[in-house]
$ cat my_file07.cif   # mmCIF, C-alpha atoms and all ligand atoms
data_my_file
loop_
_atom_site.label_atom_id
_atom_site.label_comp_id
_atom_site.auth_asym_id
_atom_site.auth_seq_id
_atom_site.Cartn_x
_atom_site.Cartn_y
_atom_site.Cartn_z
CA MET A 1 -39.28 -12.17 20.72
CA ALA A 2 -35.85 -10.95 21.74
CA THR A 3 -34.56 -8.12 19.60
CA VAL A 4 -31.13 -8.07 17.97
CA ASN A 5 -28.31 -5.56 18.09
CA GLU A 6 -29.16 -3.92 14.79
CA ASN A 7 -25.76 -2.30 14.54
CA TYR A 8 -24.50 -5.68 13.36
CA LEU A 9 -26.84 -5.42 10.37
CA LYS A 10 -25.00 -2.31 9.19
CA LEU A 11 -21.90 -4.40 8.48
CA PRO A 12 -21.44 -5.83 5.01
CA GLY A 13 -20.59 -9.58 4.95
CA SER A 14 -16.92 -10.47 5.37
CA TYR A 15 -16.65 -9.99 1.65
CA LEU A 16 -12.88 -9.73 1.19
CA PHE A 17 -11.51 -13.16 2.04
CA ALA A 18 -14.73 -14.95 1.05
CA GLU A 19 -14.55 -13.35 -2.39
CA ILE A 20 -10.84 -14.18 -2.73
CA GLY A 21 -11.64 -17.80 -1.81
CA ARG A 22 -14.49 -17.91 -4.32
CA ARG A 23 -12.36 -16.58 -7.19
CA VAL A 24 -9.43 -18.90 -6.40
CA ALA A 25 -11.74 -21.96 -6.16
CA ALA A 26 -13.36 -21.11 -9.51
CA PHE A 27 -9.95 -20.70 -11.15
CA LYS A 28 -8.70 -24.00 -9.69
CA GLU A 29 -11.73 -25.84 -10.94
CA ALA A 30 -11.16 -24.55 -14.45
CA HIS A 31 -7.36 -25.10 -14.26
CA PRO A 32 -6.71 -28.04 -11.90
CA GLU A 33 -3.07 -28.22 -13.02
CA ALA A 34 -2.28 -24.60 -12.00
CA ASP A 35 0.46 -24.26 -9.39
CA ILE A 36 -1.00 -21.48 -7.26
CA ILE A 37 1.25 -19.52 -4.87
CA ARG A 38 -0.46 -17.64 -2.04
CA LEU A 39 1.06 -14.34 -1.03
CA GLY A 40 -2.21 -13.00 0.29
CA ILE A 41 -2.38 -14.40 3.78
CA GLY A 42 -1.50 -12.48 6.92
CA ASP A 43 -0.59 -15.72 8.71
CA VAL A 44 2.91 -16.98 9.46
CA THR A 45 4.26 -20.23 7.98
CA GLN A 46 7.45 -20.99 9.96
CA PRO A 47 7.44 -23.07 13.18
CA LEU A 48 7.64 -21.61 16.68
CA PRO A 49 11.13 -20.79 18.00
CA ALA A 50 12.72 -23.78 19.78
CA VAL A 51 12.92 -21.85 23.08
CA CYS A 52 9.11 -21.50 23.08
CA ILE A 53 8.61 -25.19 22.37
CA ASP A 54 11.00 -26.16 25.20
CA ALA A 55 9.35 -23.79 27.66
CA MET A 56 5.89 -25.06 26.77
CA HIS A 57 6.98 -28.71 27.10
CA LYS A 58 8.32 -27.92 30.55
CA ALA A 59 5.09 -26.17 31.48
CA VAL A 60 3.05 -29.18 30.32
CA ASP A 61 5.13 -31.39 32.64
CA GLU A 62 4.42 -28.99 35.51
CA MET A 63 0.71 -29.46 34.85
CA ALA A 64 1.17 -33.22 35.33
CA LYS A 65 2.14 -32.95 39.02
CA ALA A 66 -0.05 -31.74 41.87
CA GLU A 67 2.83 -29.67 43.38
CA THR A 68 3.35 -27.65 40.21
CA PHE A 69 -0.13 -27.80 38.67
CA ARG A 70 -1.76 -24.42 37.88
CA GLY A 71 -5.45 -23.68 37.71
CA TYR A 72 -6.86 -20.20 37.15
CA GLY A 73 -4.05 -17.68 36.97
CA PRO A 74 -4.16 -13.91 37.42
CA GLU A 75 -6.47 -12.53 34.69
CA GLN A 76 -3.90 -9.82 33.90
CA GLY A 77 -1.13 -12.35 33.30
CA TYR A 78 1.60 -14.03 35.36
CA ASP A 79 4.29 -11.83 36.90
CA PHE A 80 7.08 -13.71 35.10
CA LEU A 81 5.67 -12.65 31.72
CA ILE A 82 4.65 -9.13 32.72
CA GLU A 83 8.11 -8.45 34.17
CA ALA A 84 9.81 -9.85 31.05
CA ILE A 85 7.66 -7.61 28.83
CA ARG A 86 8.20 -4.59 31.06
CA HIS A 87 11.97 -4.89 31.16
CA ASN A 88 12.61 -5.92 27.58
CA ASN A 89 10.13 -3.74 25.72
CA TYR A 90 9.87 -0.68 27.96
CA VAL A 91 12.26 -0.17 30.87
CA GLY A 92 15.17 -1.22 28.65
CA LEU A 93 14.21 1.59 26.23
CA GLY A 94 14.01 4.11 29.05
CA ILE A 95 10.20 3.92 29.29
CA GLU A 96 8.76 3.57 32.77
CA ILE A 97 5.69 1.32 32.59
CA ALA A 98 4.35 -0.24 35.81
CA ALA A 99 3.47 -3.93 36.08
CA ASN A 100 -0.21 -3.09 36.64
CA GLU A 101 -0.29 -1.10 33.42
CA ILE A 102 0.27 -4.28 31.35
CA PHE A 103 -2.55 -6.73 30.61
CA VAL A 104 -1.66 -10.08 29.00
CA SER A 105 -4.33 -11.49 26.69
CA ASP A 106 -5.01 -14.11 24.04
CA GLY A 107 -3.89 -11.74 21.27
CA SER A 108 -4.25 -8.28 19.86
CA LYS A 109 -7.34 -8.87 17.81
CA SER A 110 -9.44 -9.34 20.94
CA ASP A 111 -7.81 -6.37 22.63
CA CYS A 112 -8.11 -3.87 19.81
CA GLY A 113 -11.64 -5.09 19.19
CA ASN A 114 -12.74 -4.98 22.83
CA ILE A 115 -11.03 -1.78 23.94
CA GLN A 116 -13.84 0.41 22.55
CA GLU A 117 -16.17 -1.02 25.24
CA ILE A 118 -14.57 1.17 27.91
CA PHE A 119 -15.22 4.34 25.87
CA GLY A 120 -18.50 6.26 25.73
CA VAL A 121 -20.73 5.33 22.83
CA ASP A 122 -20.96 8.96 21.70
CA ASN A 123 -17.19 9.30 21.23
CA LYS A 124 -16.08 10.46 17.80
CA VAL A 125 -13.76 7.91 16.16
CA ALA A 126 -10.95 8.52 13.63
CA ILE A 127 -9.71 5.61 11.54
CA THR A 128 -7.17 5.49 8.74
CA ASP A 129 -8.25 4.38 5.27
CA PRO A 130 -7.10 1.71 4.30
CA VAL A 131 -7.25 -0.05 7.66
CA TYR A 132 -7.08 -3.34 9.57
CA PRO A 133 -10.87 -3.93 9.63
CA VAL A 134 -11.22 -4.79 13.36
CA TYR A 135 -11.10 -1.18 14.56
CA LEU A 136 -13.91 -0.05 12.30
CA ASP A 137 -16.17 -3.11 12.55
CA THR A 138 -16.14 -3.19 16.36
CA ASN A 139 -17.12 0.47 16.50
CA VAL A 140 -19.95 -0.21 14.05
CA MET A 141 -21.13 -3.08 16.29
CA ALA A 142 -21.04 -0.78 19.32
CA GLY A 143 -23.23 1.84 17.61
CA ARG A 144 -20.65 4.60 17.13
CA THR A 145 -21.51 4.95 13.44
CA GLY A 146 -24.46 5.52 11.16
CA GLU A 147 -25.09 3.50 8.03
CA LEU A 148 -22.60 2.42 5.37
CA LYS A 149 -22.64 4.99 2.56
CA GLU A 150 -22.34 4.34 -1.15
CA ASP A 151 -18.72 5.52 -1.16
CA GLY A 152 -17.82 2.64 1.18
CA HIS A 153 -17.49 4.85 4.28
CA PHE A 154 -19.67 4.73 7.40
CA GLU A 155 -21.56 7.82 8.51
CA GLY A 156 -20.15 9.33 11.67
CA ILE A 157 -16.56 8.08 11.32
CA THR A 158 -13.69 10.46 10.61
CA TYR A 159 -11.60 8.78 7.94
CA LEU A 160 -7.92 9.59 7.58
CA PRO A 161 -6.91 8.81 3.99
CA CYS A 162 -3.45 7.28 3.49
CA ASP A 163 -2.04 7.01 0.00
CA ALA A 164 1.18 7.62 -1.91
CA GLU A 165 0.39 11.35 -2.00
CA ASN A 166 0.77 11.75 1.77
CA SER A 167 3.38 8.95 1.97
CA PHE A 168 0.78 6.88 3.85
CA SER A 169 1.09 9.21 6.83
CA PRO A 170 -2.41 10.47 7.74
CA ASP A 171 -3.05 14.20 8.12
CA LEU A 172 -4.52 15.45 11.40
CA PRO A 173 -8.33 15.60 11.26
CA ASN A 174 -9.98 18.96 10.62
CA GLU A 175 -12.52 18.26 13.34
CA ARG A 176 -12.07 17.21 16.96
CA VAL A 177 -12.09 13.44 17.55
CA ASP A 178 -11.99 11.41 20.77
CA MET A 179 -10.53 8.06 19.74
CA ILE A 180 -7.78 7.72 17.13
CA TYR A 181 -6.69 4.32 15.83
CA LEU A 182 -3.12 4.24 14.50
CA CYS A 183 -1.39 1.09 13.32
CA CYS A 184 2.40 1.25 13.02
CA PRO A 185 3.98 -0.64 11.29
CA ASN A 186 0.86 -0.62 9.22
CA ASN A 187 -1.28 -3.44 7.97
CA PRO A 188 -2.01 -3.28 5.03
CA THR A 189 0.38 -0.61 3.70
CA GLY A 190 3.57 -1.88 5.38
CA THR A 191 4.57 1.73 6.06
CA THR A 192 5.46 3.41 9.35
CA LEU A 193 5.26 6.76 11.13
CA SER A 194 8.46 8.51 12.12
CA LYS A 195 9.10 9.97 15.58
CA GLU A 196 8.26 13.38 14.21
CA GLU A 197 4.95 12.22 12.73
CA LEU A 198 3.93 10.41 15.90
CA THR A 199 4.87 13.46 17.96
CA LYS A 200 2.35 15.43 15.90
CA TRP A 201 -0.37 12.92 16.86
CA VAL A 202 0.52 12.91 20.54
CA LYS A 203 0.39 16.71 20.54
CA TYR A 204 -3.01 16.65 18.84
CA ALA A 205 -4.31 14.11 21.38
CA LYS A 206 -3.09 16.20 24.30
CA GLU A 207 -4.59 19.41 22.93
CA ASN A 208 -7.92 17.75 22.12
CA LYS A 209 -8.06 15.39 25.11
CA SER A 210 -8.30 12.42 22.75
CA VAL A 211 -6.93 8.92 23.22
CA ILE A 212 -4.66 7.22 20.65
CA LEU A 213 -5.21 3.48 20.26
CA PHE A 214 -1.81 2.43 18.98
CA ASP A 215 -1.55 -0.99 17.38
CA ALA A 216 2.10 -2.09 17.34
CA ALA A 217 1.47 -5.76 16.49
CA TYR A 218 4.34 -5.59 13.96
CA ALA A 219 6.86 -3.68 16.11
CA ALA A 220 9.37 -6.56 15.88
CA TYR A 221 9.70 -5.90 12.14
CA ILE A 222 11.04 -2.37 12.47
CA THR A 223 14.57 -2.06 11.12
CA GLU A 224 15.05 1.72 10.78
CA ALA A 225 16.29 3.76 13.72
CA ASP A 226 13.89 6.68 13.32
CA VAL A 227 10.75 4.53 13.66
CA PRO A 228 9.51 4.25 17.26
CA ARG A 229 9.05 0.67 18.51
CA SER A 230 6.58 1.94 21.08
CA ILE A 231 4.42 5.08 21.11
CA TYR A 232 5.72 5.71 24.64
CA GLU A 233 9.05 6.71 23.10
CA ILE A 234 7.22 9.95 22.30
CA GLU A 235 7.18 12.46 25.13
CA GLY A 236 3.76 12.82 26.73
CA ALA A 237 2.33 9.69 25.07
CA LYS A 238 1.84 8.02 28.44
CA GLU A 239 -0.98 10.49 29.11
CA VAL A 240 -2.84 9.90 25.86
CA ALA A 241 -2.05 6.48 24.38
CA ILE A 242 -2.98 2.83 24.80
CA GLU A 243 -0.65 0.36 23.08
CA PHE A 244 -1.40 -3.12 21.70
CA ARG A 245 1.31 -5.72 21.15
CA SER A 246 1.22 -9.31 20.01
CA PHE A 247 3.41 -12.41 20.01
CA SER A 248 1.70 -13.55 16.78
CA LYS A 249 4.04 -12.07 14.23
CA THR A 250 6.93 -11.54 16.66
CA ALA A 251 7.30 -15.23 17.46
CA GLY A 252 4.85 -17.18 15.28
CA PHE A 253 2.05 -17.26 17.90
CA THR A 254 -0.86 -16.82 15.46
CA GLY A 255 -2.23 -20.23 16.42
CA THR A 256 -0.73 -20.28 19.92
CA ARG A 257 -2.37 -16.98 20.99
CA CYS A 258 -0.77 -14.40 23.23
CA GLY A 259 -0.63 -10.62 23.23
CA TYR A 260 -0.83 -7.72 25.64
CA THR A 261 -2.16 -4.21 26.06
CA VAL A 262 -0.51 -1.35 27.90
CA ILE A 263 -2.80 1.19 29.57
CA PRO A 264 -0.87 3.78 31.57
CA LYS A 265 -2.71 5.09 34.61
CA ALA A 266 -2.30 8.62 33.31
CA VAL A 267 -4.65 7.96 30.36
CA LYS A 268 -8.00 9.29 31.52
CA GLY A 269 -11.48 9.97 30.23
CA LEU A 270 -14.43 12.02 31.41
CA THR A 271 -17.81 11.09 32.86
CA LYS A 272 -20.89 13.10 31.79
CA GLU A 273 -20.57 15.01 35.09
CA GLY A 274 -17.03 15.99 34.19
CA LYS A 275 -15.23 13.65 36.59
CA THR A 276 -11.98 12.06 35.30
CA VAL A 277 -11.58 8.27 35.35
CA GLU A 278 -8.52 6.13 34.57
CA PHE A 279 -9.07 3.85 31.56
CA ASN A 280 -6.70 1.42 33.28
CA LYS A 281 -9.27 0.89 36.06
CA LEU A 282 -12.07 0.25 33.58
CA TRP A 283 -10.00 -2.19 31.52
CA ASN A 284 -8.93 -4.02 34.67
CA ARG A 285 -12.60 -4.35 35.60
CA ARG A 286 -13.50 -5.57 32.12
CA HIS A 287 -10.56 -7.97 31.84
CA THR A 288 -11.21 -9.56 35.23
CA THR A 289 -14.93 -9.89 34.49
CA LYS A 290 -14.85 -11.16 30.91
CA PHE A 291 -11.46 -12.91 30.62
CA ASN A 292 -9.94 -15.68 32.71
CA GLY A 293 -6.31 -15.38 31.75
CA THR A 294 -4.08 -16.69 28.97
CA ALA A 295 -3.08 -20.34 29.50
CA TYR A 296 -0.05 -20.82 31.78
CA ILE A 297 1.64 -23.03 29.17
CA ILE A 298 1.29 -20.33 26.53
CA GLN A 299 2.57 -17.58 28.81
CA ARG A 300 5.65 -19.71 29.55
CA GLY A 301 6.19 -20.07 25.80
CA ALA A 302 5.84 -16.31 25.30
CA ALA A 303 8.21 -15.44 28.17
CA ALA A 304 10.90 -17.66 26.62
CA ILE A 305 11.43 -15.17 23.78
CA TYR A 306 12.94 -12.73 26.28
CA THR A 307 15.86 -15.01 27.19
CA PRO A 308 19.11 -14.25 25.30
CA GLU A 309 18.65 -17.42 23.21
CA GLY A 310 14.99 -16.51 22.64
CA GLN A 311 15.94 -13.04 21.41
CA LYS A 312 18.37 -14.61 18.97
CA GLN A 313 15.79 -17.06 17.64
CA VAL A 314 13.10 -14.41 17.26
CA LYS A 315 15.53 -12.20 15.38
CA GLU A 316 16.25 -15.06 12.99
CA LEU A 317 12.54 -15.72 12.47
CA VAL A 318 11.73 -12.08 11.76
CA GLY A 319 14.85 -11.88 9.58
CA TYR A 320 13.59 -14.80 7.49
CA TYR A 321 10.33 -13.01 6.68
CA MET A 322 12.08 -9.69 6.14
CA GLU A 323 14.37 -11.30 3.56
CA ASN A 324 11.18 -12.43 1.78
CA ALA A 325 9.95 -8.83 2.02
CA ARG A 326 13.18 -7.59 0.41
CA ILE A 327 12.87 -10.16 -2.38
CA ILE A 328 9.29 -9.10 -3.09
CA ARG A 329 9.99 -5.36 -2.88
CA GLU A 330 13.04 -5.45 -5.12
CA GLY A 331 11.45 -7.95 -7.51
CA LEU A 332 8.44 -5.69 -7.97
CA LYS A 333 10.66 -2.70 -8.61
CA ALA A 334 12.65 -4.69 -11.18
CA ALA A 335 9.33 -5.55 -12.85
CA GLY A 336 8.54 -1.82 -13.06
CA ILE A 337 5.87 -1.91 -10.34
CA GLU A 338 5.79 0.85 -7.74
CA ALA A 339 5.92 -0.69 -4.27
CA TYR A 340 5.81 0.60 -0.68
CA GLY A 341 6.43 -0.96 2.72
CA GLY A 342 8.43 -4.11 3.29
CA VAL A 343 11.30 -2.30 5.06
CA ASN A 344 9.86 -2.14 8.59
CA ALA A 345 6.93 -4.50 8.03
CA PRO A 346 6.15 -7.87 6.45
CA TYR A 347 3.67 -6.26 4.03
CA ILE A 348 4.32 -4.85 0.57
CA TRP A 349 1.72 -2.44 -0.79
CA LEU A 350 2.02 -2.07 -4.53
CA LYS A 351 0.45 0.47 -6.84
CA THR A 352 -1.46 -1.41 -9.52
CA PRO A 353 0.03 -0.78 -12.98
CA ASN A 354 -1.89 1.72 -15.11
CA ASN A 355 -4.23 2.45 -12.19
CA MET A 356 -5.93 -0.88 -12.68
CA PRO A 357 -8.78 -1.48 -10.20
CA SER A 358 -7.44 -3.71 -7.44
CA TRP A 359 -9.86 -6.60 -8.10
CA ASP A 360 -8.91 -6.56 -11.81
CA PHE A 361 -5.25 -6.79 -10.78
CA PHE A 362 -6.17 -9.69 -8.48
CA ASP A 363 -7.70 -11.55 -11.45
CA LYS A 364 -4.74 -10.74 -13.69
CA LEU A 365 -2.21 -12.00 -11.14
CA LEU A 366 -4.24 -15.16 -10.52
CA THR A 367 -4.91 -16.03 -14.14
CA GLU A 368 -1.60 -14.98 -15.75
CA VAL A 369 0.93 -16.05 -13.11
CA ASN A 370 -1.18 -18.06 -10.62
CA ILE A 371 -0.39 -15.83 -7.62
CA VAL A 372 -2.93 -14.89 -4.96
CA GLY A 373 -2.65 -11.51 -3.22
CA THR A 374 -5.12 -9.19 -1.53
CA PRO A 375 -6.89 -6.34 -3.36
CA GLY A 376 -6.34 -3.01 -1.63
CA ALA A 377 -10.00 -2.02 -2.02
CA GLY A 378 -10.81 -4.72 0.55
CA PHE A 379 -9.16 -2.58 3.27
CA GLY A 380 -11.14 0.58 2.54
CA PRO A 381 -11.99 2.88 -0.38
CA CYS A 382 -8.52 4.52 -0.33
CA GLY A 383 -6.98 1.09 -0.91
CA GLU A 384 -8.43 1.10 -4.43
CA GLY A 385 -5.62 1.04 -6.98
CA TYR A 386 -3.31 -0.77 -4.53
CA PHE A 387 -2.61 -4.41 -3.76
CA ARG A 388 -1.09 -6.23 -0.76
CA LEU A 389 1.52 -8.99 -0.91
CA THR A 390 2.82 -10.56 2.28
CA ALA A 391 6.27 -11.82 3.22
CA PHE A 392 4.90 -14.67 5.36
CA GLY A 393 5.26 -17.35 2.67
CA ASP A 394 8.18 -19.73 2.58
CA ARG A 395 11.35 -18.67 0.78
CA GLU A 396 11.04 -20.99 -2.18
CA ASN A 397 7.51 -19.91 -3.03
CA THR A 398 8.39 -16.25 -2.55
CA LEU A 399 11.29 -16.57 -5.00
CA ARG A 400 9.18 -18.48 -7.51
CA ALA A 401 6.36 -15.95 -7.26
CA ILE A 402 8.65 -13.01 -7.92
CA GLU A 403 10.30 -14.75 -10.89
CA ARG A 404 6.85 -15.24 -12.39
CA ILE A 405 5.92 -11.58 -11.84
CA LYS A 406 9.19 -10.41 -13.40
CA ASN A 407 9.15 -12.76 -16.39
CA LYS A 408 5.56 -13.66 -17.16
CA LEU A 409 3.31 -10.79 -16.09
CA HIS A 410 2.54 -8.38 -18.92
CA PHE A 411 0.91 -4.99 -18.49
N1 LIG B 1 -3.33 -5.91 14.62
C1 LIG B 1 -3.00 -5.97 13.33
C2 LIG B 1 -2.67 -4.72 12.61
C3 LIG B 1 -2.98 -7.20 12.65
O1 LIG B 1 -2.67 -7.24 11.35
C4 LIG B 1 -3.31 -8.37 13.36
C5 LIG B 1 -3.32 -9.68 12.72
O2 LIG B 1 -3.28 -9.87 11.54
C6 LIG B 1 -3.66 -8.25 14.70
C7 LIG B 1 -3.65 -7.01 15.30
C8 LIG B 1 -4.10 -9.44 15.48
O3 LIG B 1 -3.09 -10.13 16.05
P1 LIG B 1 -3.32 -11.33 17.04
O4 LIG B 1 -2.94 -12.56 16.32
O5 LIG B 1 -2.45 -11.02 18.22
O6 LIG B 1 -4.77 -11.37 17.45
#
$ encode --input "my_file07.cif" --output "structure tokens" --more "lines below"
Ligand code: PLP
Amino acid sequence: MATVNENYLKLPGSYLFAEIGRRVAAFKEAHPEADIIRLGIGDVTQPLPAVCIDAMHKAVDEMAKAETFRGYGPEQGYDFLIEAIRHNNYVGLGIEIAANEIFVSDGSKSDCGNIQEIFGVDNKVAITDPVYPVYLDTNVMAGRTGELKEDGHFEGITYLPCDAENSFSPDLPNERVDMIYLCCPNNPTGTTLSKEELTKWVKYAKENKSVILFDAAYAAYITEADVPRSIYEIEGAKEVAIEFRSFSKTAGFTGTRCGYTVIPKAVKGLTKEGKTVEFNKLWNRRHTTKFNGTAYIIQRGAAAIYTPEGQKQVKELVGYYMENARIIREGLKAAGIEAYGGVNAPYIWLKTPNNMPSWDFFDKLLTEVNIVGTPGAGFGPCGEGYFRLTAFGDRENTLRAIERIKNKLHF
């Protein structure tokens, strides 16, 4: 009989959202009249910008004629999209990134999950706690960890705790690590790292010959000047960092699917014999072997956001969600609840009142005011005592939810 990859057996079931679903379904059955508002999801609710729809319609028409039909495209992405990304997100900010350092994909989840394949299995991995689960789970699957311990941490991973005490900015590890996952703006905490804080990480990576895997899926939500939109704004980062970006939250592409990864040629790793190899070359090999390109129609839709009208529409879309974030943040504060994030990110990370366990707070919010959020403990042991609300709902529901929290929630 074929054997299985037993690393998969180390992973607990996808407990978080299944358990949320179970509790909400049970509550609904007992209270069918309850008007439940969901502020737990990380998915967008507003339609795609009109420029994207127009560009995709046009691309569909091109597919209808032999002269303009497209079959397989370049696995790395079409030039029109790569050049638009390069000029708008990098060259325009004074960052020199070459076209062959950008790889278009079907979204960031695949990229930040697959990237670990081009690293040695014995690399030491550092991950923040709490964390977007993809980084950790894919490293468990690949065999870079031991078993899950009772404290909720995996053996062999260097965890970087992030809580109110360190302002959600992880301290440098005490030991040497090879791969460092940083997410900024952060999911779930909604907080960011300043230029100074990121500079500290780039310096560490250079000194320790580590690679930073920088997830900037929420870069479009940054409003403050001191927060870097790209890690390459930090001097020297081009030698030590890989950056992930997505059109999902920037332009509502969660169901449309498009993202990209930047791997500068200067980011290198070692073979066992001590020879240096460009990660760019390995990723190019992987991408061209395992991926056949993002659909032409979708890439046309994505490129449309870089037109002047597209930039305006994307700004409006992000602004809509960020107004929700402001409403939630200020509403929570008015209700006497300590809240973080929501200034440069669509996530608000609140401290549960009276240190209530995060699942107890989930139940309280659901049963007393019929609001669904996400318990912080679901993102890692350091998320215990915290709770995530998202700004991706529609305006009316966001306003109604906050009114309920302010007027009807007692603690
Ligand atoms: N990175 C982070 C931090 C996310 O929160 C998400 C989605 O929720 C992703 C990446 C995945 O984005 P995509 O839709 O591009 O796969």
$ closest_residue --input "my_file07.cif" --among "A:Arg22, A:Arg245, A:Lys315, A:Lys65" --to "ligand LIG 1 (chain B)" --atoms "all atoms listed in the file"
A:Arg245
$ closest_residue --input "my_file07.cif" --among "A:Gly94, A:Gly342, A:Gly42, A:Gly71" --to "ligand LIG 1 (chain B)" --atoms "all atoms listed in the file"
A:Gly42
$ residues_near_ligand --input "my_file07.cif" --ligand "ligand LIG 1 (chain B)" --cutoff "10 Å" --atoms "only C-alpha atoms and all ligand atoms" --output "PyMOL selection string"
chain A and resi 41-44+105-113+131-135+182-188+190+214-218+244-250+252-260+347
$ residues_around --input "my_file07.cif" --residues "Ala126 (chain A)" --least-positions-apart "3" --cutoff "7 Å" --atoms "only C-alpha atoms" --output "PyMOL selection string"
chain A and resi 157-160+177+179-181
$ closest_residue --input "my_file07.cif" --among "A:Asn324, A:Thr294, A:Ser14, A:Asn354" --to "Leu39 (chain A)" --atoms "all atoms listed in the file"
A:Asn324
$ closest_residue --input "my_file07.cif" --among "A:Leu136, A:Leu350, A:Ala66, A:Ala34" --to "Leu332 (chain A)" --atoms "only C-alpha atoms"
A:Leu350
$ atom_distance --input "my_file07.cif" --atom1 "CA of Gly13 (chain A)" --atom2 "CA of Ala391 (chain A)"
27.0 Å
$ atom_distance --input "my_file07.cif" --atom1 "CA of Arg400 (chain A)" --atom2 "CA of Glu330 (chain A)"
13.8 Å
$ axis_aligned_box --input "my_file07.cif" --around "region 177-195 of chain A" --padding-each-side "8 Å" --output "AutoDock Vina command-line options"
--center_x -1.5 --center_y 5.0 --center_z 12.2 --size_x 37.2 --size_y 32.9 --size_z 33.1
$ atom_distance --input "my_file07.cif" --atom1 "CA of Cys52 (chain A)" --atom2 "CA of Ala304 (chain A)"
5.5 Å
$ residues_around --input "my_file07.cif" --residues "Thr374 (chain A)" --least-positions-apart "6" --cutoff "7 Å" --atoms "all atoms listed in the file" --output "number ranges by chain"
A: 40, 387-389
$ write_last_selection --input "my_file07.cif" --atoms "C-alpha atoms" --output "mmCIF file, in the frame of the given file"
data_model
loop_
_atom_site.group_PDB
_atom_site.id
_atom_site.type_symbol
_atom_site.label_atom_id
_atom_site.label_comp_id
_atom_site.auth_asym_id
_atom_site.auth_seq_id
_atom_site.Cartn_x
_atom_site.Cartn_y
_atom_site.Cartn_z
ATOM 1 C CA GLY A 40 -2.210 -13.000 0.290
ATOM 2 C CA PHE A 387 -2.610 -4.410 -3.760
ATOM 3 C CA ARG A 388 -1.090 -6.230 -0.760
ATOM 4 C CA LEU A 389 1.520 -8.990 -0.910
#
$ decode --input "my_file07.cif" --residues "region 296-306 of chain A" --atoms "N, CA, C and O atoms" --output "compact mmCIF listing (two decimals), in the first residue's frame"
# COMPACT_ATOMS: atom_id res chain seq x y z
N TYR A 296 -5.89 35.06 -18.89
CA TYR A 296 -5.71 36.33 -19.60
C TYR A 296 -6.77 37.34 -19.19
O TYR A 296 -6.49 38.50 -18.89
N ILE A 297 -8.01 36.88 -19.14
CA ILE A 297 -9.15 37.77 -18.81
C ILE A 297 -8.94 38.40 -17.43
O ILE A 297 -9.17 39.60 -17.23
N ILE A 298 -8.49 37.59 -16.50
CA ILE A 298 -8.28 38.07 -15.13
C ILE A 298 -7.11 39.05 -15.07
O ILE A 298 -7.17 40.08 -14.38
N GLN A 299 -6.06 38.75 -15.81
CA GLN A 299 -4.90 39.66 -15.80
C GLN A 299 -5.28 41.01 -16.41
O GLN A 299 -4.78 42.05 -15.98
N ARG A 300 -6.14 40.99 -17.41
CA ARG A 300 -6.62 42.27 -17.98
C ARG A 300 -7.41 43.05 -16.92
O ARG A 300 -7.26 44.26 -16.79
N GLY A 301 -8.24 42.34 -16.18
CA GLY A 301 -9.01 42.98 -15.10
C GLY A 301 -8.09 43.58 -14.06
O GLY A 301 -8.28 44.72 -13.61
N ALA A 302 -7.04 42.84 -13.69
CA ALA A 302 -6.10 43.32 -12.67
C ALA A 302 -5.34 44.54 -13.17
O ALA A 302 -5.18 45.54 -12.45
N ALA A 303 -4.90 44.51 -14.43
CA ALA A 303 -4.10 45.62 -14.97
C ALA A 303 -4.90 46.92 -15.01
O ALA A 303 -4.35 48.02 -14.91
N ALA A 304 -6.23 46.78 -15.12
CA ALA A 304 -7.09 47.97 -15.23
C ALA A 304 -7.03 48.85 -13.97
O ALA A 304 -7.30 50.04 -14.04
N ILE A 305 -6.64 48.27 -12.83
CA ILE A 305 -6.60 49.11 -11.62
C ILE A 305 -5.46 50.13 -11.68
O ILE A 305 -5.42 51.06 -10.89
N TYR A 306 -4.53 49.94 -12.60
CA TYR A 306 -3.39 50.86 -12.67
C TYR A 306 -3.63 52.03 -13.62
O TYR A 306 -2.76 52.87 -13.80
